[in-house]
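What follows is a short report on a single structure.
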Amino acid sequence: MTLKLASIVESLASDFNARCYGDQNVEIDGLAPLLHATPSQLSFLSGSKYLAQLPLSKAACVIVSPAFEAVARQRGVCVVADDPYHYFARVTQLWKQQHTPKRVAAIHVTASIDPLAKIGKNVAIGAFSVVAAGAQIADGVQIAEHCVIGEGASIGCDTRLAARATLMDGCRIGERCILHPGVVIGADGFGFAAHQGRWEKIEQLGSVHVGNDVEIGANTCIDRGALQDTVIEDGVKLDNLIQIGHNVRIGAHTAMAGCVGVAGSATIGAHCTIGGGAIVLGHLTLADGVHISAASVVTRSILKAGNYTGFFPLDDNATWEKNAVTLKHLHGLRERIKQLEKNL
Amino acid sequence: MTLKLASIVESLASDFNARCYGDQNVEIDGLAPLLHATPSQLSFLSGSKYLAQLPLSKAACVIVSPAFEAVARQRGVCVVADDPYHYFARVTQLWKQQHTPKRVAAIHVTASIDPLAKIGKNVAIGAFSVVAAGAQIADGVQIAEHCVIGEGASIGCDTRLAARATLMDGCRIGERCILHPGVVIGADGFGFAAHQGRWEKIEQLGSVHVGNDVEIGANTCIDRGALQDTVIEDGVKLDNLIQIGHNVRIGAHTAMAGCVGVAGSATIGAHCTIGGGAIVLGHLTLADGVHISAASVVTRSILKAGNYTGFFPLDDNATWEKNAVTLKHLHGLRERIKQLEKNL
Amino acid sequence: MTLKLASIVESLASDFNARCYGDQNVEIDGLAPLLHATPSQLSFLSGSKYLAQLPLSKAACVIVSPAFEAVARQRGVCVVADDPYHYFARVTQLWKQQHTPKRVAAIHVTASIDPLAKIGKNVAIGAFSVVAAGAQIADGVQIAEHCVIGEGASIGCDTRLAARATLMDGCRIGERCILHPGVVIGADGFGFAAHQGRWEKIEQLGSVHVGNDVEIGANTCIDRGALQDTVIEDGVKLDNLIQIGHNVRIGAHTAMAGCVGVAGSATIGAHCTIGGGAIVLGHLTLADGVHISAASVVTRSILKAGNYTGFFPLDDNATWEKNAVTLKHLHGLRERIKQLEKNL
């Protein structure tokens, strides 16, 4: 299935101030990176880093920013847009929409829907999915196979759950969210009172509240709050295998890469980014616009927007070992420097 | 649904030497932190850190330790208990118990139970769960939806499996355990023999043995042993997304926060705590009472109880970068200090 | 069920140049480590590290390398093989094969198989598993309970999926692979274009291509590519709870331990090993034969085979804290050393 370049350009014309140069009659049969694109594929130049690849690309058409209009036009057909990566994102959406088979929204015969669940219009529920009593599934929701929706849980309009997503009792998800396979929303937070060498369970009486336009990656877990709700605000994007502890609040449009762990009662601002594998300790606050590098450990509140990092630099094993051994005596080295300064 | 304060106090009277001051006739409709509690909610003061919040709390009643009795009584109704956090934990349990709808233990019509499985009395099994031949499910066990119990696996009395928990062939879980959604017990350990540039699989012939009163967080994995069993002793608490390798033994009442990884054949003592994201290498031993900070890497046995840490401190990006670059020459710096000392 | 030692030795005779000394008539009823083995169990000595245990072992027979033949024969029955660990691996396979009940390959009555799926000969599909339209399941494939196979996905001969493995639309797995429970292959990669403070989704139009003889651990996730495929080459072994981002390519026979995260568009060579909890950043290249230690962070391409490490060494908490504080001023210390050298 192909799309005419002209129809792509026209579809996005109302949202972008973009210009297309060259023959728009070409049939596009796919999207590809510059060097891989065939003469029937669309590509894009996201920044100057890949500029050298532009003249070499065989793509049918390349999306570029105004800065690269001249060189792009010299190569051949191009779309010039203020934000080519944003334009490209919208093309992928258009492509997906055109290439996803239209299905009638249907509830699979094997799905187990409690009669006391409230199911909206145009809802799809896949094979073997379970919807418990009191759950509310709004219009246009798509639930794939093997999902479990707990008692009193609610899902907003047009949200999509991939296979094996689980939403526990009383948890609420907003509109247009995407939950990938294996997501667990609303398992018990990790709360225990130490007592005579044992752990007494603190029942987790809160819930999880996820806003609108949130995307949650495969096998990611968001725990329910101890007393109040764990809150994920609008537009948050979480990658795979992330752990969000109880009572955490994540501000709007914050994004976290895979394998991040956020401990209980951390409050993370809006428009933050947390790199893959980073650990955020509990009971602390990150301001809006804080950016944490991958694999860093946040041990204190950060009240000022900016970029923060903390991981051991990689080295060949022998060099690392020499430096690591010395590091264990670093404080002593400082004392020796002090002494030298004094003696001089 | 509300609970009279008097009935809460009375329920816990036999286990705690606690005193309640003020009017116990108030109806409690929830539990909340000090500053969020309404005049019909119960709260607690766990330590002096939040003492300043105590006089400001609108809570119907606050649980405090004897040290804060005076100030608590000045504020209003209070419960004075030796260990207020423990008391509070028990209140959450009471609350959950009172507010969870009583259901008849039942086996869902869609559950697939092998005729050769042995199911105890008062067992609940949810929709689409599978129990294989030879599995033994003791009295009072609750298995939610979409669980898979392998051949010859066994589950002790009153243990609860949340949706999508998986217990593989031959694995045994004790009594009163809680498994959260997506838990995988008994997948193959990661064992291969290198041979001519390929990996020859070592079949994992052991199993997993989980003791009593163990709680296992969402999507956490505990691998089966290579030859003998992986063992999780009584009272262990594991948070979400933890990886426990084959042949590991975790001592009683040890707790691990989210995203911890424990490599194969590690032996961890009793009453240890492992912070979130920490990595414990294989074939080593931690004594009882070892506490590992979050995101630390345990590379050697620790035979002495105590607190151990090892992660790079976070800094603003520019400062980190300067220090990280210097760190790569740390050993050389030490040599230069030595030289300076010699020359002086 | 027991196996006569002679029959084990004979089964492996064609593949190994091994000699058995002593009475091969003994019935073996299990495999065990040297010190745990009973007089009816088989054991092995993998290297000189455990040599002191050899004379103490009660095992019926011990597999050793030629270097330890003398001491092994002095102890009793033994098999002498060039690579005893490889020999042992094959014994575990033989053991598993002999002790796994033979079942007729069958499609469970509750499985939901689309009529447009193509199912090979001798295929087993477990309870409640779902196979969508256009999926191709080759001969000898075993799919356990609660698996979900998306539209147009394909699975090669003799591959085994454990319970709750998920293969999304269009993803392809090769022959003789093993997927453990909870694996998610083909969830969307984490791709967004920042636009006016929000994240615009980049639809992930690629797929995942997994080669032959690949093993993938429990709850591990491999994302589909953005435009092209994420590729896992032949013989790769991934442990549990690993995250593989979109467009990643992992070379043949590379192995990764648990909790590793590989960010998008990383290209990892063949015959690499990545230790548990390591993080590999995106858009970089590792050459063949690169070995990354556990918990290390790979921030740049590594074009030379070898061993690389980068994590903060563990210390008792007080020592760590002193050194960590000093580390934040390391660059300044270097400046002071320079000054001292100048002044001298």
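The way I read the labels, and the way they are meant: chains A, B, ... in the order of the structure tokens, residue 1 as the first residue of every chain, and ligand 1 as the first ligand shown, with later ones counted on from there.
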Would you kindly return, as a PyMOL selection string, each protein, DNA or RNA residue with an atom no farther than 6 Å from any atom of Gly152 of chain B, considering only C-alpha atoms and excluding same-chain residues fewer than 3 positions away? chain B and resi 134-135+169-170
Identify all chain B residues at most 8 Å from chain C by counting only C-alpha atoms; ligands do not count. Present them as number ranges by chain. B: 112, 128, 130, 146, 148, 166, 182, 184, 187-188, 190, 192-195, 197-205, 219, 221, 227-228, 241, 243, 259, 261, 263, 279, 281, 296-299, 306-313, 315, 319-320, 322-323, 326-327, 333, 336-337, 340, 344
So that I can check the secondary structure, give me every residue of segment 82-272 of chain C assigned strand (DSSP E or B) by backbone DSSP, as a PyMOL selection string. chain C and resi 107+112-113+118-119+124-125+130-131+136-137+142-143+148-149+154-155+160-161+166-167+172-173+178-179+184-187+192-195+198-201+208-210+215-216+221-223+230-232+237-238+243-244+249-250+255-256+261-262+267-268
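In this model, the gap between atom CA of Ala60 of chain B and atom CA of Ser14 of chain B comes to 22.6 Å.
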List the neighbours of Pro66 of chain A out to 7 Å using only C-alpha atoms; skip same-chain residues closer than 3 positions along the sequence, and give me the result as a list in words. Glu69, Val80, Ala81 and Asp82 of chain A
Those residues with N, CA and C atoms, as a PDB file, in the first residue's frame please?
ATOM      1  N   GLU A  69      17.420  24.080   3.038  1.00  0.00           N
ATOM      2  CA  GLU A  69      16.574  24.072   1.843  1.00  0.00           C
ATOM      3  C   GLU A  69      17.400  23.996   0.561  1.00  0.00           C
ATOM      4  N   VAL A  80      10.167  21.393   3.065  1.00  0.00           N
ATOM      5  CA  VAL A  80      10.861  22.284   3.986  1.00  0.00           C
ATOM      6  C   VAL A  80       9.871  22.688   5.090  1.00  0.00           C
ATOM      7  N   ALA A  81      10.199  22.292   6.317  1.00  0.00           N
ATOM      8  CA  ALA A  81       9.289  22.569   7.444  1.00  0.00           C
ATOM      9  C   ALA A  81      10.103  23.146   8.589  1.00  0.00           C
ATOM     10  N   ASP A  82       9.487  24.015   9.374  1.00  0.00           N
ATOM     11  CA  ASP A  82      10.229  24.660  10.472  1.00  0.00           C
ATOM     12  C   ASP A  82      10.798  23.627  11.442  1.00  0.00           C
TER      13      ASP A  82
END
Could you go through segment 58-242 of chain A and tell me which residues DSSP, when run on the backbone, assigns to helix (DSSP H, G or I), listing them as a PyMOL selection string? chain A and resi 66-75+84-99
